[in-house]
Amino acid sequence: MQIAVCDDEKETRDMLAEKIRRFYPQAEVILYQSGKELLLRDTQPDILFLDIQMPEKNGMEIARELRRKSRESIIIFVTASDDFVFEAFDVGAFHYLVKPFHNAKFAEVLFNAVKQYEARKELEAAGRKKESPSLVVTSGGQHFTVYLEDIVYAEVFDRKVIIHTLDMDIEYYGKMKDLEKKAGDEFYRPHRAYLVNFNFIRKYDAATIYLKKGLALMAKQNYGEFVKRYLRYIQKKEGR
């Protein structure tokens, strides 16, 4: 989660950053001293505390430019005046904090903004997962739903299949050939003990496939077919 503060006053920037880090130490906090500096960024922050009264472009002008790019950022105006409160609705502002404000009020607004951000992410994930093929595996008495697109690679070890995603490793009793059939064309079995997802390949040679997490062995007799299948996947992905 990325939270930004855009304010021309250093004291205010540092004060807001300190409060944010106190409540959400895991968040990435980015500080901007001008709207121009903020607008030069290719990506928008998830949550933005934006001053209105700044030199050159004021906060409202900056918010309008941001909205022309995307409506994703949760914008919270922070200002010493309530003159622009009605204009804030025009740019879909989440809240309008008038300085000076109490810590409790700031915490309330920040918590609610984070809740909205998390709810949006859950909806996005649910929409993606709803359409994604998956399988259910049983490991340690627990049932796990594994989405195929999240599998980096799978390997066989001691009569178990171990599925590796970016977030976790799940091992279960099963057969690699069954997983291979389920996985489809975006996967390839370069070695009897490995199944790899083309989407997570970083580089490869005749002996090893290096993935975003871990690596898989390449059987010499499979190398030629692997290269053909991988290049076909890349061409399809790029729409050629």
# chains A, B, ... in the order shown; residues from 1 in each chain; ligands from 1
>>> residues_around(residues="A:Lys212", least_positions_apart="4", cutoff="10 Å", atoms="only C-alpha atoms", output="ChimeraX atom specification")
/A:152-153,165-166,199-203
>>> write_last_selection(atoms="N, CA, C and O atoms", output="short mmCIF file (atom, residue, chain, number, x, y, z; two decimals), in the first residue's frame")
data_model
loop_
_atom_site.label_atom_id
_atom_site.label_comp_id
_atom_site.auth_asym_id
_atom_site.auth_seq_id
_atom_site.Cartn_x
_atom_site.Cartn_y
_atom_site.Cartn_z
N VAL A 152 3.86 -20.86 -9.74
CA VAL A 152 5.12 -20.54 -10.40
C VAL A 152 5.69 -21.83 -11.02
O VAL A 152 6.05 -21.86 -12.19
N TYR A 153 5.76 -22.87 -10.21
CA TYR A 153 6.16 -24.19 -10.70
C TYR A 153 5.74 -25.24 -9.68
O TYR A 153 5.37 -24.93 -8.55
N THR A 165 3.89 -21.14 -5.17
CA THR A 165 3.39 -19.85 -5.63
C THR A 165 4.34 -18.79 -5.10
O THR A 165 5.28 -19.10 -4.35
N LEU A 166 4.12 -17.54 -5.44
CA LEU A 166 5.00 -16.48 -4.92
C LEU A 166 4.85 -16.32 -3.42
O LEU A 166 5.78 -15.87 -2.73
N ASN A 199 4.64 -18.06 -17.59
CA ASN A 199 4.50 -16.65 -17.22
C ASN A 199 5.52 -16.19 -16.19
O ASN A 199 5.76 -15.00 -16.04
N PHE A 200 6.14 -17.13 -15.47
CA PHE A 200 7.07 -16.76 -14.40
C PHE A 200 8.53 -17.03 -14.77
O PHE A 200 9.42 -16.92 -13.92
N ILE A 201 8.80 -17.37 -16.03
CA ILE A 201 10.17 -17.66 -16.44
C ILE A 201 10.97 -16.37 -16.59
O ILE A 201 10.52 -15.42 -17.24
N ARG A 202 12.14 -16.34 -15.99
CA ARG A 202 13.04 -15.19 -16.11
C ARG A 202 14.09 -15.44 -17.18
O ARG A 202 14.38 -14.57 -17.99
N LYS A 203 14.69 -16.63 -17.17
CA LYS A 203 15.67 -17.00 -18.18
C LYS A 203 15.82 -18.52 -18.15
O LYS A 203 15.33 -19.19 -17.23
#
>>> residues_around(residues="A:Met168", least_positions_apart="2", cutoff="12 Å", atoms="only C-alpha atoms", output="VMD selection string")
chain A and resid 144 146 150 to 154 162 to 166 170 to 171 213
>>> atom_distance(atom1="atom CA of A:Ala80", atom2="atom CA of A:Ala93")
16.4 Å
>>> residues_around(residues="A:Gly224", least_positions_apart="5", cutoff="12 Å", atoms="only C-alpha atoms", output="NGL selection string")
:A and (190 or 205-207 or 218-219 or 229-231)
>>> write_last_selection(atoms="all heavy atoms", output="short mmCIF file (atom, residue, chain, number, x, y, z; two decimals), in the first residue's frame")
data_model
loop_
_atom_site.label_atom_id
_atom_site.label_comp_id
_atom_site.auth_asym_id
_atom_site.auth_seq_id
_atom_site.Cartn_x
_atom_site.Cartn_y
_atom_site.Cartn_z
N PRO A 190 9.39 -29.72 -18.29
CA PRO A 190 10.73 -29.85 -18.88
C PRO A 190 11.52 -31.05 -18.35
O PRO A 190 12.56 -31.41 -18.90
CB PRO A 190 11.40 -28.54 -18.48
CG PRO A 190 10.78 -28.22 -17.16
CD PRO A 190 9.35 -28.67 -17.26
N ASP A 205 18.41 -22.07 -19.82
CA ASP A 205 19.46 -22.63 -20.69
C ASP A 205 19.13 -24.10 -20.88
O ASP A 205 18.04 -24.56 -20.50
CB ASP A 205 20.86 -22.40 -20.10
CG ASP A 205 21.02 -22.93 -18.69
OD1 ASP A 205 20.46 -24.03 -18.41
OD2 ASP A 205 21.68 -22.29 -17.87
N ALA A 206 20.05 -24.85 -21.43
CA ALA A 206 19.77 -26.24 -21.77
C ALA A 206 19.66 -27.16 -20.55
O ALA A 206 19.24 -28.30 -20.68
CB ALA A 206 20.85 -26.78 -22.72
N ALA A 207 20.01 -26.65 -19.38
CA ALA A 207 19.98 -27.49 -18.17
C ALA A 207 19.02 -26.99 -17.10
O ALA A 207 18.55 -27.78 -16.27
CB ALA A 207 21.39 -27.60 -17.58
N MET A 218 16.01 -29.01 -16.47
CA MET A 218 15.62 -29.27 -17.86
C MET A 218 16.24 -30.60 -18.30
O MET A 218 17.46 -30.78 -18.22
CB MET A 218 16.13 -28.15 -18.77
CG MET A 218 15.84 -28.37 -20.24
SD MET A 218 14.19 -27.84 -20.69
CE MET A 218 14.43 -26.06 -20.64
N ALA A 219 15.40 -31.53 -18.74
CA ALA A 219 15.91 -32.76 -19.33
C ALA A 219 16.44 -32.45 -20.73
O ALA A 219 15.78 -31.74 -21.50
CB ALA A 219 14.81 -33.81 -19.39
N ARG A 229 7.70 -24.37 -27.57
CA ARG A 229 6.47 -24.08 -26.82
C ARG A 229 6.55 -22.71 -26.13
O ARG A 229 5.56 -21.96 -26.12
CB ARG A 229 6.24 -25.16 -25.77
CG ARG A 229 5.79 -26.51 -26.34
CD ARG A 229 4.28 -26.54 -26.55
NE ARG A 229 3.58 -26.26 -25.31
CZ ARG A 229 3.30 -27.19 -24.38
NH1 ARG A 229 3.68 -28.45 -24.56
NH2 ARG A 229 2.64 -26.86 -23.29
N TYR A 230 7.71 -22.39 -25.59
CA TYR A 230 7.85 -21.12 -24.88
C TYR A 230 7.76 -19.94 -25.85
O TYR A 230 7.09 -18.94 -25.56
CB TYR A 230 9.17 -21.08 -24.12
CG TYR A 230 9.37 -19.83 -23.29
CD1 TYR A 230 8.41 -19.45 -22.35
CD2 TYR A 230 10.49 -19.02 -23.44
CE1 TYR A 230 8.57 -18.30 -21.59
CE2 TYR A 230 10.66 -17.88 -22.68
CZ TYR A 230 9.70 -17.53 -21.76
OH TYR A 230 9.86 -16.39 -21.01
N LEU A 231 8.41 -20.04 -27.01
CA LEU A 231 8.33 -18.97 -28.00
C LEU A 231 6.92 -18.81 -28.52
O LEU A 231 6.45 -17.69 -28.76
CB LEU A 231 9.30 -19.25 -29.15
CG LEU A 231 10.79 -19.17 -28.80
CD1 LEU A 231 11.65 -19.52 -30.01
CD2 LEU A 231 11.16 -17.79 -28.26
#
>>> residues_around(residues="A:Ala27", least_positions_apart="5", cutoff="8 Å", atoms="only C-alpha atoms", output="VMD selection string")
chain A and resid 1 to 3 21
>>> closest_residue(among="A:Lys19, A:Ala119, A:Gly140, A:Ala193", to="A:His102", atoms="only C-alpha atoms")
A:Lys19
>>> residues_around(residues="A:Ala17", least_positions_apart="6", cutoff="8 Å", atoms="only C-alpha atoms", output="PyMOL selection string")
chain A and resi 5+29+31
>>> select_by_dssp(residues="stretch 43-190 of chain A", states="strand (DSSP E or B)", output="PyMOL selection string")
chain A and resi 47-51+74-79+95-98+134-139+142-147+151-157+160-165+169-173+187-190
>>> write_last_selection(atoms="N, CA and C atoms", output="CSV table (one decimal), in the first residue's frame")
chain,number,residue,atom,x,y,z
A,47,ILE,N,-3.4,6.1,-1.7
A,47,ILE,CA,-4.0,7.1,-0.8
A,47,ILE,C,-3.2,8.3,-0.9
A,48,LEU,N,-3.8,9.5,-1.1
A,48,LEU,CA,-3.1,10.8,-1.3
A,48,LEU,C,-3.6,11.8,-0.4
A,49,PHE,N,-2.8,12.4,0.5
A,49,PHE,CA,-3.1,13.5,1.3
A,49,PHE,C,-2.6,14.8,0.5
A,50,LEU,N,-3.5,15.6,0.1
A,50,LEU,CA,-3.1,16.7,-0.8
A,50,LEU,C,-3.5,18.0,-0.3
A,51,ASP,N,-2.5,18.9,-0.2
A,51,ASP,CA,-2.8,20.3,0.2
A,51,ASP,C,-3.5,21.0,-0.9
A,74,ILE,N,-7.3,7.4,-3.7
A,74,ILE,CA,-8.2,7.9,-2.7
A,74,ILE,C,-7.6,9.3,-2.2
A,75,ILE,N,-8.3,10.3,-2.6
A,75,ILE,CA,-7.7,11.7,-2.3
A,75,ILE,C,-8.4,12.3,-1.1
A,76,ILE,N,-7.5,12.7,-0.2
A,76,ILE,CA,-7.9,13.4,1.1
A,76,ILE,C,-7.3,14.8,1.0
A,77,PHE,N,-8.1,15.8,0.9
A,77,PHE,CA,-7.6,17.2,0.9
A,77,PHE,C,-7.2,17.6,2.4
A,78,VAL,N,-6.1,18.3,2.5
A,78,VAL,CA,-5.7,18.8,3.8
A,78,VAL,C,-5.4,20.3,3.6
A,79,THR,N,-6.2,21.2,4.2
A,79,THR,CA,-6.0,22.6,4.0
A,79,THR,C,-6.4,23.4,5.2
A,95,HIS,N,-12.2,12.7,1.5
A,95,HIS,CA,-12.5,13.5,2.7
A,95,HIS,C,-11.8,14.9,2.5
A,96,TYR,N,-12.1,15.8,3.4
A,96,TYR,CA,-11.6,17.2,3.4
A,96,TYR,C,-11.3,17.5,4.8
A,97,LEU,N,-10.0,17.5,5.2
A,97,LEU,CA,-9.5,17.8,6.5
A,97,LEU,C,-9.1,19.3,6.6
A,98,VAL,N,-9.6,20.0,7.5
A,98,VAL,CA,-9.3,21.4,7.7
A,98,VAL,C,-8.3,21.5,8.9
A,134,SER,N,-8.9,-23.3,-11.2
A,134,SER,CA,-8.3,-23.6,-10.0
A,134,SER,C,-8.4,-25.1,-9.7
A,135,LEU,N,-7.7,-25.5,-8.7
A,135,LEU,CA,-7.8,-26.9,-8.2
A,135,LEU,C,-7.8,-26.9,-6.6
A,136,VAL,N,-8.4,-27.9,-6.0
A,136,VAL,CA,-8.4,-28.0,-4.6
A,136,VAL,C,-7.5,-29.1,-4.2
A,137,VAL,N,-6.6,-28.8,-3.3
A,137,VAL,CA,-5.7,-29.9,-2.8
A,137,VAL,C,-5.8,-29.9,-1.3
A,138,THR,N,-5.5,-31.1,-0.8
A,138,THR,CA,-5.5,-31.3,0.7
A,138,THR,C,-4.1,-31.5,1.2
A,139,SER,N,-3.8,-30.7,2.2
A,139,SER,CA,-2.4,-30.8,2.8
A,139,SER,C,-2.5,-30.6,4.3
A,142,GLN,N,-5.9,-29.8,5.8
A,142,GLN,CA,-6.6,-28.6,5.3
A,142,GLN,C,-6.8,-28.6,3.8
A,143,HIS,N,-7.8,-28.0,3.4
A,143,HIS,CA,-8.1,-27.9,2.0
A,143,HIS,C,-7.8,-26.5,1.4
A,144,PHE,N,-7.0,-26.5,0.3
A,144,PHE,CA,-6.6,-25.3,-0.2
A,144,PHE,C,-7.1,-25.1,-1.7
A,145,THR,N,-7.6,-24.0,-2.0
A,145,THR,CA,-7.9,-23.7,-3.4
A,145,THR,C,-6.7,-23.0,-4.0
A,146,VAL,N,-6.2,-23.6,-5.0
A,146,VAL,CA,-5.0,-23.0,-5.7
A,146,VAL,C,-5.4,-22.6,-7.1
A,147,TYR,N,-5.2,-21.3,-7.4
A,147,TYR,CA,-5.5,-20.8,-8.8
A,147,TYR,C,-4.3,-21.1,-9.7
A,151,ILE,N,0.5,-20.4,-9.8
A,151,ILE,CA,1.5,-21.4,-9.6
A,151,ILE,C,2.7,-21.0,-10.4
A,152,VAL,N,3.9,-20.9,-9.7
A,152,VAL,CA,5.1,-20.5,-10.4
A,152,VAL,C,5.7,-21.8,-11.0
A,153,TYR,N,5.8,-22.9,-10.2
A,153,TYR,CA,6.2,-24.2,-10.7
A,153,TYR,C,5.7,-25.2,-9.7
A,154,ALA,N,5.8,-26.5,-10.1
A,154,ALA,CA,5.5,-27.6,-9.2
A,154,ALA,C,6.6,-28.6,-9.4
A,155,GLU,N,6.9,-29.4,-8.3
A,155,GLU,CA,7.9,-30.4,-8.4
A,155,GLU,C,7.4,-31.6,-7.6
A,156,VAL,N,8.0,-32.8,-7.9
A,156,VAL,CA,7.7,-34.0,-7.3
A,156,VAL,C,8.9,-34.3,-6.3
A,157,PHE,N,8.5,-34.7,-5.1
A,157,PHE,CA,9.5,-35.0,-4.1
A,157,PHE,C,8.9,-36.0,-3.1
A,160,LYS,N,5.3,-36.9,-3.2
A,160,LYS,CA,4.4,-35.7,-3.0
A,160,LYS,C,4.6,-34.7,-4.2
A,161,VAL,N,3.6,-34.0,-4.5
A,161,VAL,CA,3.7,-32.9,-5.4
A,161,VAL,C,3.8,-31.6,-4.6
A,162,ILE,N,4.8,-30.8,-4.8
A,162,ILE,CA,4.9,-29.5,-4.1
A,162,ILE,C,4.6,-28.4,-5.1
A,163,ILE,N,3.6,-27.6,-4.8
A,163,ILE,CA,3.2,-26.5,-5.6
A,163,ILE,C,3.8,-25.2,-5.0
A,164,HIS,N,4.5,-24.4,-5.8
A,164,HIS,CA,5.1,-23.2,-5.4
A,164,HIS,C,4.4,-22.0,-6.0
A,165,THR,N,3.9,-21.1,-5.2
A,165,THR,CA,3.4,-19.8,-5.6
A,165,THR,C,4.3,-18.8,-5.1
A,169,ASP,N,4.2,-22.4,-0.3
A,169,ASP,CA,4.5,-23.7,-0.9
A,169,ASP,C,3.5,-24.7,-0.3
A,170,ILE,N,2.8,-25.5,-1.1
A,170,ILE,CA,1.8,-26.4,-0.6
A,170,ILE,C,2.2,-27.8,-1.2
A,171,GLU,N,2.3,-28.8,-0.3
A,171,GLU,CA,2.6,-30.1,-0.7
A,171,GLU,C,1.5,-31.1,-0.4
A,172,TYR,N,1.3,-32.0,-1.3
A,172,TYR,CA,0.1,-32.9,-1.2
A,172,TYR,C,0.5,-34.2,-1.9
A,173,TYR,N,-0.3,-35.3,-1.6
A,173,TYR,CA,-0.1,-36.5,-2.2
A,173,TYR,C,-0.9,-36.5,-3.5
A,187,PHE,N,1.6,-24.1,-19.2
A,187,PHE,CA,2.6,-24.8,-18.4
A,187,PHE,C,3.4,-25.8,-19.3
A,188,TYR,N,4.6,-26.2,-18.9
A,188,TYR,CA,5.4,-27.2,-19.6
A,188,TYR,C,6.1,-28.0,-18.6
A,189,ARG,N,6.3,-29.3,-19.0
A,189,ARG,CA,7.0,-30.2,-18.1
A,189,ARG,C,8.4,-30.5,-18.7
A,190,PRO,N,9.4,-29.7,-18.3
A,190,PRO,CA,10.7,-29.9,-18.9
A,190,PRO,C,11.5,-31.0,-18.3
>>> select_by_dssp(residues="stretch 37-239 of chain A", states="helix (DSSP H, G or I)", output="MDAnalysis selection string")
chainID A and resid 37:39 59:69 85:90 103:131 148:150 176:183 198:200 220:237
>>> decode(residues="stretch 92-106 of chain A", atoms="all heavy atoms", output="PDB file, in the first residue's frame")
ATOM      1  N   GLY A  92     -14.164  13.790  -6.782  1.00  0.00           N
ATOM      2  CA  GLY A  92     -14.322  12.525  -6.073  1.00  0.00           C
ATOM      3  C   GLY A  92     -13.424  12.378  -4.867  1.00  0.00           C
ATOM      4  O   GLY A  92     -12.879  11.303  -4.611  1.00  0.00           O
ATOM      5  N   ALA A  93     -13.259  13.473  -4.115  1.00  0.00           N
ATOM      6  CA  ALA A  93     -12.416  13.413  -2.923  1.00  0.00           C
ATOM      7  C   ALA A  93     -13.049  12.511  -1.870  1.00  0.00           C
ATOM      8  O   ALA A  93     -14.276  12.460  -1.719  1.00  0.00           O
ATOM      9  CB  ALA A  93     -12.190  14.797  -2.354  1.00  0.00           C
ATOM     10  N   PHE A  94     -12.216  11.815  -1.137  1.00  0.00           N
ATOM     11  CA  PHE A  94     -12.701  10.921  -0.082  1.00  0.00           C
ATOM     12  C   PHE A  94     -13.043  11.712   1.176  1.00  0.00           C
ATOM     13  O   PHE A  94     -14.023  11.424   1.854  1.00  0.00           O
ATOM     14  CB  PHE A  94     -11.631   9.874   0.229  1.00  0.00           C
ATOM     15  CG  PHE A  94     -12.016   8.912   1.326  1.00  0.00           C
ATOM     16  CD1 PHE A  94     -12.888   7.864   1.066  1.00  0.00           C
ATOM     17  CD2 PHE A  94     -11.502   9.054   2.598  1.00  0.00           C
ATOM     18  CE1 PHE A  94     -13.256   6.981   2.066  1.00  0.00           C
ATOM     19  CE2 PHE A  94     -11.855   8.172   3.610  1.00  0.00           C
ATOM     20  CZ  PHE A  94     -12.732   7.133   3.342  1.00  0.00           C
ATOM     21  N   HIS A  95     -12.228  12.729   1.475  1.00  0.00           N
ATOM     22  CA  HIS A  95     -12.476  13.531   2.672  1.00  0.00           C
ATOM     23  C   HIS A  95     -11.779  14.883   2.538  1.00  0.00           C
ATOM     24  O   HIS A  95     -10.948  15.083   1.654  1.00  0.00           O
ATOM     25  CB  HIS A  95     -11.984  12.808   3.927  1.00  0.00           C
ATOM     26  CG  HIS A  95     -12.697  13.231   5.175  1.00  0.00           C
ATOM     27  ND1 HIS A  95     -13.827  12.603   5.650  1.00  0.00           N
ATOM     28  CD2 HIS A  95     -12.456  14.242   6.041  1.00  0.00           C
ATOM     29  CE1 HIS A  95     -14.234  13.186   6.762  1.00  0.00           C
ATOM     30  NE2 HIS A  95     -13.413  14.202   7.013  1.00  0.00           N
ATOM     31  N   TYR A  96     -12.137  15.784   3.442  1.00  0.00           N
ATOM     32  CA  TYR A  96     -11.641  17.170   3.415  1.00  0.00           C
ATOM     33  C   TYR A  96     -11.278  17.530   4.849  1.00  0.00           C
ATOM     34  O   TYR A  96     -12.153  17.792   5.675  1.00  0.00           O
ATOM     35  CB  TYR A  96     -12.754  18.072   2.876  1.00  0.00           C
ATOM     36  CG  TYR A  96     -12.342  19.468   2.482  1.00  0.00           C
ATOM     37  CD1 TYR A  96     -12.192  19.815   1.144  1.00  0.00           C
ATOM     38  CD2 TYR A  96     -12.154  20.450   3.441  1.00  0.00           C
ATOM     39  CE1 TYR A  96     -11.860  21.107   0.771  1.00  0.00           C
ATOM     40  CE2 TYR A  96     -11.813  21.750   3.085  1.00  0.00           C
ATOM     41  CZ  TYR A  96     -11.675  22.075   1.744  1.00  0.00           C
ATOM     42  OH  TYR A  96     -11.333  23.355   1.374  1.00  0.00           O
ATOM     43  N   LEU A  97      -9.983  17.501   5.156  1.00  0.00           N
ATOM     44  CA  LEU A  97      -9.519  17.812   6.507  1.00  0.00           C
ATOM     45  C   LEU A  97      -9.092  19.272   6.594  1.00  0.00           C
ATOM     46  O   LEU A  97      -8.278  19.737   5.797  1.00  0.00           O
ATOM     47  CB  LEU A  97      -8.319  16.932   6.870  1.00  0.00           C
ATOM     48  CG  LEU A  97      -8.598  15.491   7.322  1.00  0.00           C
ATOM     49  CD1 LEU A  97      -7.280  14.716   7.423  1.00  0.00           C
ATOM     50  CD2 LEU A  97      -9.315  15.476   8.668  1.00  0.00           C
ATOM     51  N   VAL A  98      -9.650  19.988   7.547  1.00  0.00           N
ATOM     52  CA  VAL A  98      -9.307  21.395   7.742  1.00  0.00           C
ATOM     53  C   VAL A  98      -8.340  21.511   8.914  1.00  0.00           C
ATOM     54  O   VAL A  98      -8.614  21.051  10.020  1.00  0.00           O
ATOM     55  CB  VAL A  98     -10.574  22.244   8.008  1.00  0.00           C
ATOM     56  CG1 VAL A  98     -10.190  23.703   8.238  1.00  0.00           C
ATOM     57  CG2 VAL A  98     -11.555  22.120   6.847  1.00  0.00           C
ATOM     58  N   LYS A  99      -7.175  22.110   8.645  1.00  0.00           N
ATOM     59  CA  LYS A  99      -6.175  22.315   9.696  1.00  0.00           C
ATOM     60  C   LYS A  99      -6.580  23.494  10.587  1.00  0.00           C
ATOM     61  O   LYS A  99      -7.143  24.465  10.077  1.00  0.00           O
ATOM     62  CB  LYS A  99      -4.803  22.594   9.053  1.00  0.00           C
ATOM     63  CG  LYS A  99      -4.244  21.436   8.242  1.00  0.00           C
ATOM     64  CD  LYS A  99      -2.868  21.750   7.689  1.00  0.00           C
ATOM     65  CE  LYS A  99      -2.929  22.643   6.467  1.00  0.00           C
ATOM     66  NZ  LYS A  99      -1.611  22.796   5.780  1.00  0.00           N
ATOM     67  N   PRO A 100      -6.264  23.395  11.885  1.00  0.00           N
ATOM     68  CA  PRO A 100      -5.687  22.239  12.574  1.00  0.00           C
ATOM     69  C   PRO A 100      -6.751  21.189  12.889  1.00  0.00           C
ATOM     70  O   PRO A 100      -7.923  21.533  13.100  1.00  0.00           O
ATOM     71  CB  PRO A 100      -5.122  22.855  13.857  1.00  0.00           C
ATOM     72  CG  PRO A 100      -6.047  24.002  14.138  1.00  0.00           C
ATOM     73  CD  PRO A 100      -6.461  24.543  12.799  1.00  0.00           C
ATOM     74  N   PHE A 101      -6.363  19.947  12.923  1.00  0.00           N
ATOM     75  CA  PHE A 101      -7.311  18.863  13.226  1.00  0.00           C
ATOM     76  C   PHE A 101      -6.729  17.996  14.333  1.00  0.00           C
ATOM     77  O   PHE A 101      -5.518  17.957  14.558  1.00  0.00           O
ATOM     78  CB  PHE A 101      -7.590  18.013  11.985  1.00  0.00           C
ATOM     79  CG  PHE A 101      -6.360  17.616  11.228  1.00  0.00           C
ATOM     80  CD1 PHE A 101      -5.559  16.554  11.651  1.00  0.00           C
ATOM     81  CD2 PHE A 101      -5.987  18.312  10.090  1.00  0.00           C
ATOM     82  CE1 PHE A 101      -4.429  16.206  10.963  1.00  0.00           C
ATOM     83  CE2 PHE A 101      -4.838  17.961   9.385  1.00  0.00           C
ATOM     84  CZ  PHE A 101      -4.053  16.904   9.824  1.00  0.00           C
ATOM     85  N   HIS A 102      -7.608  17.303  15.036  1.00  0.00           N
ATOM     86  CA  HIS A 102      -7.180  16.439  16.145  1.00  0.00           C
ATOM     87  C   HIS A 102      -6.636  15.116  15.607  1.00  0.00           C
ATOM     88  O   HIS A 102      -7.032  14.656  14.535  1.00  0.00           O
ATOM     89  CB  HIS A 102      -8.343  16.169  17.099  1.00  0.00           C
ATOM     90  CG  HIS A 102      -8.848  17.398  17.797  1.00  0.00           C
ATOM     91  ND1 HIS A 102      -8.096  18.091  18.716  1.00  0.00           N
ATOM     92  CD2 HIS A 102     -10.037  18.046  17.704  1.00  0.00           C
ATOM     93  CE1 HIS A 102      -8.795  19.125  19.168  1.00  0.00           C
ATOM     94  NE2 HIS A 102      -9.977  19.120  18.572  1.00  0.00           N
ATOM     95  N   ASN A 103      -5.763  14.513  16.381  1.00  0.00           N
ATOM     96  CA  ASN A 103      -5.206  13.217  15.998  1.00  0.00           C
ATOM     97  C   ASN A 103      -6.295  12.172  15.790  1.00  0.00           C
ATOM     98  O   ASN A 103      -6.207  11.343  14.887  1.00  0.00           O
ATOM     99  CB  ASN A 103      -4.225  12.717  17.066  1.00  0.00           C
ATOM    100  CG  ASN A 103      -2.883  13.421  16.982  1.00  0.00           C
ATOM    101  OD1 ASN A 103      -2.507  13.928  15.925  1.00  0.00           O
ATOM    102  ND2 ASN A 103      -2.167  13.452  18.091  1.00  0.00           N
ATOM    103  N   ALA A 104      -7.318  12.214  16.631  1.00  0.00           N
ATOM    104  CA  ALA A 104      -8.396  11.233  16.527  1.00  0.00           C
ATOM    105  C   ALA A 104      -9.123  11.359  15.191  1.00  0.00           C
ATOM    106  O   ALA A 104      -9.494  10.352  14.578  1.00  0.00           O
ATOM    107  CB  ALA A 104      -9.383  11.406  17.685  1.00  0.00           C
ATOM    108  N   LYS A 105      -9.314  12.586  14.735  1.00  0.00           N
ATOM    109  CA  LYS A 105      -9.991  12.797  13.457  1.00  0.00           C
ATOM    110  C   LYS A 105      -9.123  12.304  12.308  1.00  0.00           C
ATOM    111  O   LYS A 105      -9.618  11.658  11.372  1.00  0.00           O
ATOM    112  CB  LYS A 105     -10.313  14.285  13.271  1.00  0.00           C
ATOM    113  CG  LYS A 105     -11.119  14.582  12.007  1.00  0.00           C
ATOM    114  CD  LYS A 105     -12.460  13.859  12.031  1.00  0.00           C
ATOM    115  CE  LYS A 105     -13.283  14.145  10.803  1.00  0.00           C
ATOM    116  NZ  LYS A 105     -14.571  13.420  10.796  1.00  0.00           N
ATOM    117  N   PHE A 106      -7.838  12.607  12.376  1.00  0.00           N
ATOM    118  CA  PHE A 106      -6.936  12.135  11.328  1.00  0.00           C
ATOM    119  C   PHE A 106      -6.928  10.612  11.277  1.00  0.00           C
ATOM    120  O   PHE A 106      -6.989  10.016  10.197  1.00  0.00           O
ATOM    121  CB  PHE A 106      -5.514  12.645  11.585  1.00  0.00           C
ATOM    122  CG  PHE A 106      -4.521  12.152  10.574  1.00  0.00           C
ATOM    123  CD1 PHE A 106      -4.360  12.792   9.356  1.00  0.00           C
ATOM    124  CD2 PHE A 106      -3.741  11.019  10.846  1.00  0.00           C
ATOM    125  CE1 PHE A 106      -3.451  12.328   8.417  1.00  0.00           C
ATOM    126  CE2 PHE A 106      -2.833  10.556   9.908  1.00  0.00           C
ATOM    127  CZ  PHE A 106      -2.687  11.208   8.699  1.00  0.00           C
TER     128      PHE A 106
END
